[in-house]
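Report on one structure; see the data block that follows.
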4 protein chains.
Amino acid sequence: MIIIMEPGATLEEQQAVIARLEREGFKVHLSRGVERTIIGAIGDKTRLKSETLAALPGVEKVVPILQPYKLAGRDFHPEDTVVPVGDLTVGGRQVHIIAGPCAVESREQLLETAMAVREAGATMLRGGAYKPRSSPYSFQGLAAKGLEFLAEARELTGLPVVTEIMDPALVTAVAQVADVLQIGSRNMQNFALLQAVGRTQKPVLLKRGLSATIEEWLLAAEYILTEGNSQVILCERGIRTFETYTRNTLDLSAVPAVKHLSHLPVIVDPSHGTGRKFMVAPMARAALAAGADGLMIEVHPNPQEALSDGPQSLTPEQFARLVQEIRPIIAAGERELGHLVS
Amino acid sequence: MIIIMEPGATLEEQQAVIARLEREGFKVHLSRGVERTIIGAIGDKTRLKSETLAALPGVEKVVPILQPYKLAGRDFHPEDTVVPVGDLTVGGRQVHIIAGPCAVESREQLLETAMAVREAGATMLRGGAYKPRSSPYSFQGLAAKGLEFLAEARELTGLPVVTEIMDPALVTAVAQVADVLQIGSRNMQNFALLQAVGRTQKPVLLKRGLSATIEEWLLAAEYILTEGNSQVILCERGIRTFETYTRNTLDLSAVPAVKHLSHLPVIVDPSHGTGRKFMVAPMARAALAAGADGLMIEVHPNPQEALSDGPQSLTPEQFARLVQEIRPIIAAGERELGHLVS
Amino acid sequence: MIIIMEPGATLEEQQAVIARLEREGFKVHLSRGVERTIIGAIGDKTRLKSETLAALPGVEKVVPILQPYKLAGRDFHPEDTVVPVGDLTVGGRQVHIIAGPCAVESREQLLETAMAVREAGATMLRGGAYKPRSSPYSFQGLAAKGLEFLAEARELTGLPVVTEIMDPALVTAVAQVADVLQIGSRNMQNFALLQAVGRTQKPVLLKRGLSATIEEWLLAAEYILTEGNSQVILCERGIRTFETYTRNTLDLSAVPAVKHLSHLPVIVDPSHGTGRKFMVAPMARAALAAGADGLMIEVHPNPQEALSDGPQSLTPEQFARLVQEIRPIIAAGERELGHLVS
Amino acid sequence: MIIIMEPGATLEEQQAVIARLEREGFKVHLSRGVERTIIGAIGDKTRLKSETLAALPGVEKVVPILQPYKLAGRDFHPEDTVVPVGDLTVGGRQVHIIAGPCAVESREQLLETAMAVREAGATMLRGGAYKPRSSPYSFQGLAAKGLEFLAEARELTGLPVVTEIMDPALVTAVAQVADVLQIGSRNMQNFALLQAVGRTQKPVLLKRGLSATIEEWLLAAEYILTEGNSQVILCERGIRTFETYTRNTLDLSAVPAVKHLSHLPVIVDPSHGTGRKFMVAPMARAALAAGADGLMIEVHPNPQEALSDGPQSLTPEQFARLVQEIRPIIAAGERELGHLVS
């Protein structure tokens with residue numbers, strides 16, 4: 001940690017900073033320049049928060065050196081993590097596509113979609129039983145009934161099920177059905193929820209928050225990892241910027257960034273990331289070209305009747321075409337499209 | 001609701017949109033221009049989501065007309081809401097200052113701060129017993145012990161207590177102690193939590209999310225109001241932008257915006273909004289000049305020992321000076337600084 | 001254009017709006033709902049600005065229907081524009097790579113880089129003779145001397161030259177040397193400059209502004225097109241967001257968006273878009289997978305001695321590797337890597 | 001300057017960094033921690049750009065210590081700068097209001113507005129003769145004719161004239177009429193223009209760019225100051241964020257930030273900053289409460305006929321009311337409303 005003192009900081013103020021650092025067991029280096037004094041501190045950062053030092057009189061800025069996430073970072077875990085989901089593995093050579101409707105709306109809608117996406121090449125099924133909606137007047141999901149249909153769809157197709165969870169109190173119930181627990185972007189910093197899924201042994205799909213930095217996203221993963229659950233899959237799904245033409249701005253540079261900083265697998269959701277049907281396929285191709293480990297795509301048998309996210313949902317036919325379009329991109333990256341074992 | 005068709009939309013596509021609207025009970029107006037056809041639909045918007053229409057073939061854009069929040073909006077509730085907190089009222093002629101430490105760290109720290117801020121002019125006490133922290137390694141609060149100290153501080157000073165709640169499962173326990181339940185910005189769209197506090201009859205302080213639009217913020221209030229709790233106080237606390245000099249960008253224009261769109265009271269938190277001690281007083285003055293109904297200020301007896309938010313916490317002396325500085329601003333707005341009845 | 005009246009708008013206010021519209025030759029449709037009155041206006045939008053109407057009493061919002069860019073939009077120009085640059089064409093089947101140093105620093109540096117990038121597969125040479133720098137103390141470019149070296153590099157390699165222009169007064173001088181005039185992102189709304197390059201018959205590479213919406217970007221192109229120069233190539237180079245890990249956030253969704261809205265070719269600059277060397281190749285691959293017509297890449301023979309943008313510049317070897325990596329992506333899109341005719 | 005090496009940086013890489021620093025005359029301090037090596041460098045930063053070091057192999061991050069703006073910063077110029085404009089002074093005890101129409105539209109419109117705003121308490125007149133407009137189809141200003149009318153309005157009222165300049169070629173012509181040269185936000189990094197106004201001896205009003213950090217804004221001021229013109233007045237006018245309810249997000253925290261970092265005066269433009277008439281007065285009050293040295297307000301005798309910015313322009317009556325509302329705020333800050341000497 002480096003402490004930069006203000007130009008007018010007094011000798012007493014410098015000494016107070018040094019005393020404080022030494023009291024906490026840090027080794028201190030002092031550099032007195034003409035205009036600024038700089039204090040370097042070497043030791044265990046977790047003992048003393050940089051913001052505590054920043055509050056000391058005469059301190060201009062504190063620059064942390066070490067990454068604040070230990071378990072999610074590559075520094076102490078250089079090899080890629082591979083997360084098993086049923087018989088599949090995410091983060092290895094195979095690229096997986098999670099597809100399905102935004103919300104589970106009915107048994108028929110779900111089963112029809114599940115069969116169609118499996119047929120086209122998807123290896124996991126998505127579908128929300130509990131839906132976070134900006135407005136209390138929007139469709140909120142079928143809840144327990146939705147979970148039932150998801151279980152039936154898995155039975156029928158063999159596709160592992162990915163579904164969102166919003167309330168810590170429901171973790172046990174949802175974990176009985178879901179193969180992967182999804183944390184939505186609005187809940188990326190719902191720490192009670194992160195800890196609750198961290199105490200299960202289910203893989204967790206952690207979506208990036210709407211305005212979360214990459215560091216905050218990895219710290220959210222750290223909350224799950226510190227509880228003992230190491231099966232975290234990250235999912236980039238667009239960030240909020242000034243641009244209004246797209247629903248969000250899909251930040252594909254997050255893919256190489258996360259691969260560089262962390263060992264966790266990362267997939268991309270171009271449906272939420274763009275909010276527009278015609279952009280889903282080009283951005284899906286781009287995501288894989290950037291190195292993503294998979295995709296999450298919204299598919300609905302009849303998007304114009306969808307109770308949510310119709311404008312960004314593909315029909316099964318459009319989805320099948322997308323799968324064809326990504327094959328050469330996957331091959332170019334020397335990977336292969338995943339497939340169910342059965 | 002207005003539906004704008006694409007330039008190349010066919011007659012069949014237009015008719016499909018119209019048929020759909022009429023099926024849902026809308027009255028339809030059609031305007032065929034040289035380049036675009038526009039369809040106006042009058043009726044109850046809640047029956048048909050604009051996104052459903054946006055997914056129909058040939059539709060370019062759907063423009064909603066009515067505000068999506070009915071209970072939080074001024075349209076059907078023109079007069080200002082005044083929220084009672086103990087013997088005080090928020091949103092009326094009096095301006096209130098909520099002050100106290102970011103986190104409850106110890107009995108001594110809390111009681112000392114409570115007495116000091118009361119002495120200086122605060123009329124409510126803030127203090128976190130449960131703390132949302134970006135990193136799992138940061139201080140997470142004293143939990144139940146913290147609530148106990150808050151109750152004792154209220155006993156001692158008469159100050160009503162404002163404290164944050166993060167988990168729906170804790171609402172009952174926290175509501176037994178708190179006078180105002182605070183929803184933090186990270187949880188502004190934690191809908192399970194919003195519904196849980198909506199089912200209490202405690203006033204709720206709803207902080208704006210880091211990247212929430214004003215519409216989303218009022219929709220979050222709507223979640224609480226639809227559950228039957230009408231005592232919502234909004235709190236602007238800075239939004240996330242590209243600027244890194246400040247911790248957040250305090251959006252004071254949210255004050256007149258919210259006053260225009262909604263009848264709910266709105267206060268401002270310049271401590272989180274700026275993250276820098278020297279900016280707290282000028283932005284507190286500015287908030288009141290813009291018409292805010294109150295302030296929320298972090299005060300710590302010894303900011304450089306604070307376990308969180310030290311760089312933005314004022315000492316009791318700095319806080320007392322701030323209160324003096326805002327008095328003429330409050331008078332200029334023909335309001336008065338609130339005071340405890342006792 | 002659609003005018004939405006406020007809930008409390010009076011009959012007089014409605015009539016004033018209608019009278020104004022009719023006076024300007026618009027055909028008017030009126031829809032009176034229970035809560036809002038909506039006025040549709042059909043006619044030539046350029047006669048009456050929507051903001052003029054928005055200032056009328058009782059008007060809540062004006063929604064424009066037509067895209068504000070006529071020449072840059074696809075509505076009246078459905079087929080793709082192909083821009084000739086020397087013997088090459090941008091926007092057709094071939095994908096082109098513009099490569100070279102951020103700034104021309106010396107004759108040797110430029111010639112060495114030019115030969116290396118040509119050898120590796122680039123078909124145009126970039127290099128700044130006039131450099132826009134945030135600080136007046138940074139290297140500002142070699143100016144006229146830089147142009148001389150660029151001309152010599154073209155002579156030597158056959159590569160057409162792309163170089164930035166910042167001052168309308170220099171357009172004639174720079175256009176004598178450059179094959180493509182580059183407008184940098186800081187000058188995207190420097191309208192005097194846009195008009196000046198619009199009056200030349202040189203192709204213009206128009207970079208997207210740091211915080212420009214896609215609509216503003218296409219309107220900036222419109223400034224060039226209305227002056228009579230139809231040879232505009234758009235270049236996405238990252239937008240400013242809250243994320244600080246990357247220098248900018250490369251918005252690859254701009255590629256399908258621009259292809260949808262406009263007929264102009266669009267290329268991508270992953271060097272500025274990310275600011276980090278290790279991200280350039282993955283984002284270059286992703287850009288082409290998203291459908292970009294080309295790339296712009298910073299290459300320096302010795303990045304650690306570069307006078308600007310060293311951290312994002314590739315060595316010639318890294319660049320050659322990148323060209324190999326993008327070949328299968330280009331093939332997947334049924335296009336081919338461009339090549340010089342000679 | 002502090003150089004943080006990557007965890008795996010080799011001894012050779014460390015030595016290369018040190019050698020490079022010493023070669024440039026820096027004094028070097030080395031701290032070898034368990035996980036990271038940190039190199040402190042003391043010396044003249046202008047000799048070696050931090051980005052050059054960031055490009056060296058093994059370097060993770062370079063943290064600059066000194067502010068990059070020397071002339072605009074407070075470090076070497078602690079006392080406030082006061083800029084004389086005719087007989088007035090900006091940045092001293094008096095607070096000034098610049099008022100007038102967005103664009104000069106006609107002789108009558110300008111003279112009428114000038115007399116009205118003078119009567120109400122404005123001490124300078126604004127009005128654009130050259131207008132930067134996003135669309136080439138919008139009104140672009142009366143150009144030279146507009147300057148003539150501005151000169152006449154000054155003659156008539158005694159109000160000094162503030163007007164925007166967009167093209168370096170017009171600096172001489174505009175400077176013959178204007179008392180203050182305005183650089184608009186779109187041109188904040190038009191360096192050719194900054195240098196051109198820096199070579200005049202006219203006060204310059206430098207608006208903050210739409211997405212400019214405070215550091216970039218002060219560096220833009222530095223461009224003017226390094227040319228020898230020390231009369232720079234900064235103007236906050238809103239930044240671009242995700243919020244769409246307001247035209248921009250007025251960042252009032254920029255006022256205390258700039259006052260802290262720089263000695264230059266800073267004023268606020270709540271008209272562009274909000275884009276909505278009803279917000280102008282509250283944000284004007286807030287700006288002054290935050291410590292601004294003045295305001296810039298759009299006033300039009302008939303906003304609904306305005307050729308630009310109608311929705312945010314006040315009528316002369318609304319403006320007169322605003323001046324009354326800010327008087328007690330100014331008094332609260334122990335300053336006074338400026339007035340013409342005559």
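To be explicit about the labels: the chains of the structure tokens are called A, B, and onward in the order shown, and within each one the residues are counted from 1, while ligands get numbers from 1 in the order they are shown.
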
Please give the complete set of residues from region 43-134 of chain C that DSSP, run on the backbone, assigns to alpha helix (DSSP H), formatted as a short mmCIF file (atom, residue, chain, number, x, y, z; two decimals) with C-alpha atoms, in the first residue's frame.
```
data_model
loop_
_atom_site.label_atom_id
_atom_site.label_comp_id
_atom_site.auth_asym_id
_atom_site.auth_seq_id
_atom_site.Cartn_x
_atom_site.Cartn_y
_atom_site.Cartn_z
CA SER C 50 -39.24 19.32 -32.04
CA GLU C 51 -37.62 21.43 -29.33
CA THR C 52 -39.63 24.45 -30.45
CA LEU C 53 -42.80 22.49 -29.82
CA ALA C 54 -41.46 21.18 -26.53
CA ARG C 107 11.57 8.76 -40.27
CA GLU C 108 13.17 5.49 -39.17
CA GLN C 109 10.38 4.55 -36.76
CA LEU C 110 7.74 5.16 -39.41
CA LEU C 111 9.45 3.42 -42.33
CA GLU C 112 10.36 0.41 -40.22
CA THR C 113 6.80 0.09 -38.94
CA ALA C 114 5.29 0.61 -42.38
CA MET C 115 7.35 -2.17 -43.90
CA ALA C 116 6.63 -4.50 -41.03
CA VAL C 117 2.86 -4.01 -41.04
CA ARG C 118 2.69 -4.32 -44.80
CA GLU C 119 4.65 -7.55 -44.59
CA ALA C 120 2.22 -8.87 -41.95
#
```

Original post:
Would you list which chain A residues are within 9 Å of chain B using only C-alpha atoms, as a ChimeraX atom specification?
Top reply: /A:46,49,51-57,68-69,132-138,166-169,186-193,210-211,216,219-220,222-223,226,240-241,277,303-313

Original post:
Can you tell me how far CA of Ala178 (chain D) sits from CA of Val104 (chain D), in Å to one decimal?
Top reply: 13.5 Å

Write out as a PDB file with all heavy atoms, in the first residue's frame the residues lying within 8 Å of Pro328 (chain A), counting only C-alpha atoms and excluding same-chain residues fewer than 2 positions away.
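selection_26.pdb written:
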```
ATOM      1  N   GLU A 325     -24.146 -20.310 -37.112  1.00  0.00           N
ATOM      2  CA  GLU A 325     -23.217 -19.206 -37.352  1.00  0.00           C
ATOM      3  C   GLU A 325     -22.031 -19.199 -36.399  1.00  0.00           C
ATOM      4  O   GLU A 325     -20.975 -18.673 -36.722  1.00  0.00           O
ATOM      5  CB  GLU A 325     -23.946 -17.868 -37.196  1.00  0.00           C
ATOM      6  CG  GLU A 325     -24.744 -17.461 -38.410  1.00  0.00           C
ATOM      7  CD  GLU A 325     -25.474 -16.151 -38.170  1.00  0.00           C
ATOM      8  OE1 GLU A 325     -24.861 -15.226 -37.584  1.00  0.00           O
ATOM      9  OE2 GLU A 325     -26.646 -16.055 -38.545  1.00  0.00           O
ATOM     10  N   ILE A 326     -22.214 -19.725 -35.200  1.00  0.00           N
ATOM     11  CA  ILE A 326     -21.101 -19.661 -34.250  1.00  0.00           C
ATOM     12  C   ILE A 326     -20.130 -20.826 -34.411  1.00  0.00           C
ATOM     13  O   ILE A 326     -19.005 -20.768 -33.924  1.00  0.00           O
ATOM     14  CB  ILE A 326     -21.578 -19.594 -32.779  1.00  0.00           C
ATOM     15  CG1 ILE A 326     -22.382 -20.832 -32.396  1.00  0.00           C
ATOM     16  CG2 ILE A 326     -22.370 -18.320 -32.518  1.00  0.00           C
ATOM     17  CD1 ILE A 326     -22.765 -20.891 -30.929  1.00  0.00           C
ATOM     18  N   ILE A 330     -16.199 -20.897 -33.148  1.00  0.00           N
ATOM     19  CA  ILE A 330     -15.706 -21.778 -32.089  1.00  0.00           C
ATOM     20  C   ILE A 330     -14.506 -22.575 -32.604  1.00  0.00           C
ATOM     21  O   ILE A 330     -13.478 -22.701 -31.917  1.00  0.00           O
ATOM     22  CB  ILE A 330     -16.834 -22.729 -31.616  1.00  0.00           C
ATOM     23  CG1 ILE A 330     -17.945 -21.913 -30.927  1.00  0.00           C
ATOM     24  CG2 ILE A 330     -16.294 -23.797 -30.668  1.00  0.00           C
ATOM     25  CD1 ILE A 330     -19.190 -22.721 -30.578  1.00  0.00           C
ATOM     26  N   ALA A 331     -14.622 -23.062 -33.827  1.00  0.00           N
ATOM     27  CA  ALA A 331     -13.511 -23.829 -34.412  1.00  0.00           C
ATOM     28  C   ALA A 331     -12.261 -22.959 -34.541  1.00  0.00           C
ATOM     29  O   ALA A 331     -11.142 -23.410 -34.283  1.00  0.00           O
ATOM     30  CB  ALA A 331     -13.935 -24.384 -35.775  1.00  0.00           C
ATOM     31  N   ALA A 332     -12.469 -21.686 -34.922  1.00  0.00           N
ATOM     32  CA  ALA A 332     -11.326 -20.781 -35.077  1.00  0.00           C
ATOM     33  C   ALA A 332     -10.565 -20.630 -33.759  1.00  0.00           C
ATOM     34  O   ALA A 332      -9.360 -20.396 -33.750  1.00  0.00           O
ATOM     35  CB  ALA A 332     -11.803 -19.414 -35.570  1.00  0.00           C
TER      36      ALA A 332
ATOM     37  N   PRO C 328      -9.268 -16.976 -39.716  1.00  0.00           N
ATOM     38  CA  PRO C 328     -10.436 -17.865 -39.718  1.00  0.00           C
ATOM     39  C   PRO C 328     -11.742 -17.144 -39.361  1.00  0.00           C
ATOM     40  O   PRO C 328     -12.809 -17.541 -39.806  1.00  0.00           O
ATOM     41  CB  PRO C 328     -10.094 -18.919 -38.651  1.00  0.00           C
ATOM     42  CG  PRO C 328      -8.966 -18.363 -37.860  1.00  0.00           C
ATOM     43  CD  PRO C 328      -8.246 -17.391 -38.727  1.00  0.00           C
ATOM     44  N   ILE C 329     -11.643 -16.068 -38.583  1.00  0.00           N
ATOM     45  CA  ILE C 329     -12.856 -15.302 -38.250  1.00  0.00           C
ATOM     46  C   ILE C 329     -13.402 -14.628 -39.514  1.00  0.00           C
ATOM     47  O   ILE C 329     -14.603 -14.623 -39.778  1.00  0.00           O
ATOM     48  CB  ILE C 329     -12.544 -14.217 -37.192  1.00  0.00           C
ATOM     49  CG1 ILE C 329     -11.883 -14.814 -35.945  1.00  0.00           C
ATOM     50  CG2 ILE C 329     -13.805 -13.423 -36.843  1.00  0.00           C
ATOM     51  CD1 ILE C 329     -12.787 -15.548 -35.025  1.00  0.00           C
ATOM     52  N   ALA C 332     -15.000 -17.158 -41.602  1.00  0.00           N
ATOM     53  CA  ALA C 332     -16.298 -17.567 -41.055  1.00  0.00           C
ATOM     54  C   ALA C 332     -17.399 -16.609 -41.486  1.00  0.00           C
ATOM     55  O   ALA C 332     -18.557 -16.997 -41.635  1.00  0.00           O
ATOM     56  CB  ALA C 332     -16.234 -17.644 -39.527  1.00  0.00           C
TER      57      ALA C 332
END
```

**OP:** Write out as a list in words which residues come within 9 Å of Ile214 (chain B) when counting only C-alpha atoms, dropping same-chain ones fewer than 5 positions away.
**Re:**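 My list of contacting residues is Arg208, Leu219, Ala254, Ala257 and Val258 of chain B; Glu243, Thr244 and Tyr245 of chain D.
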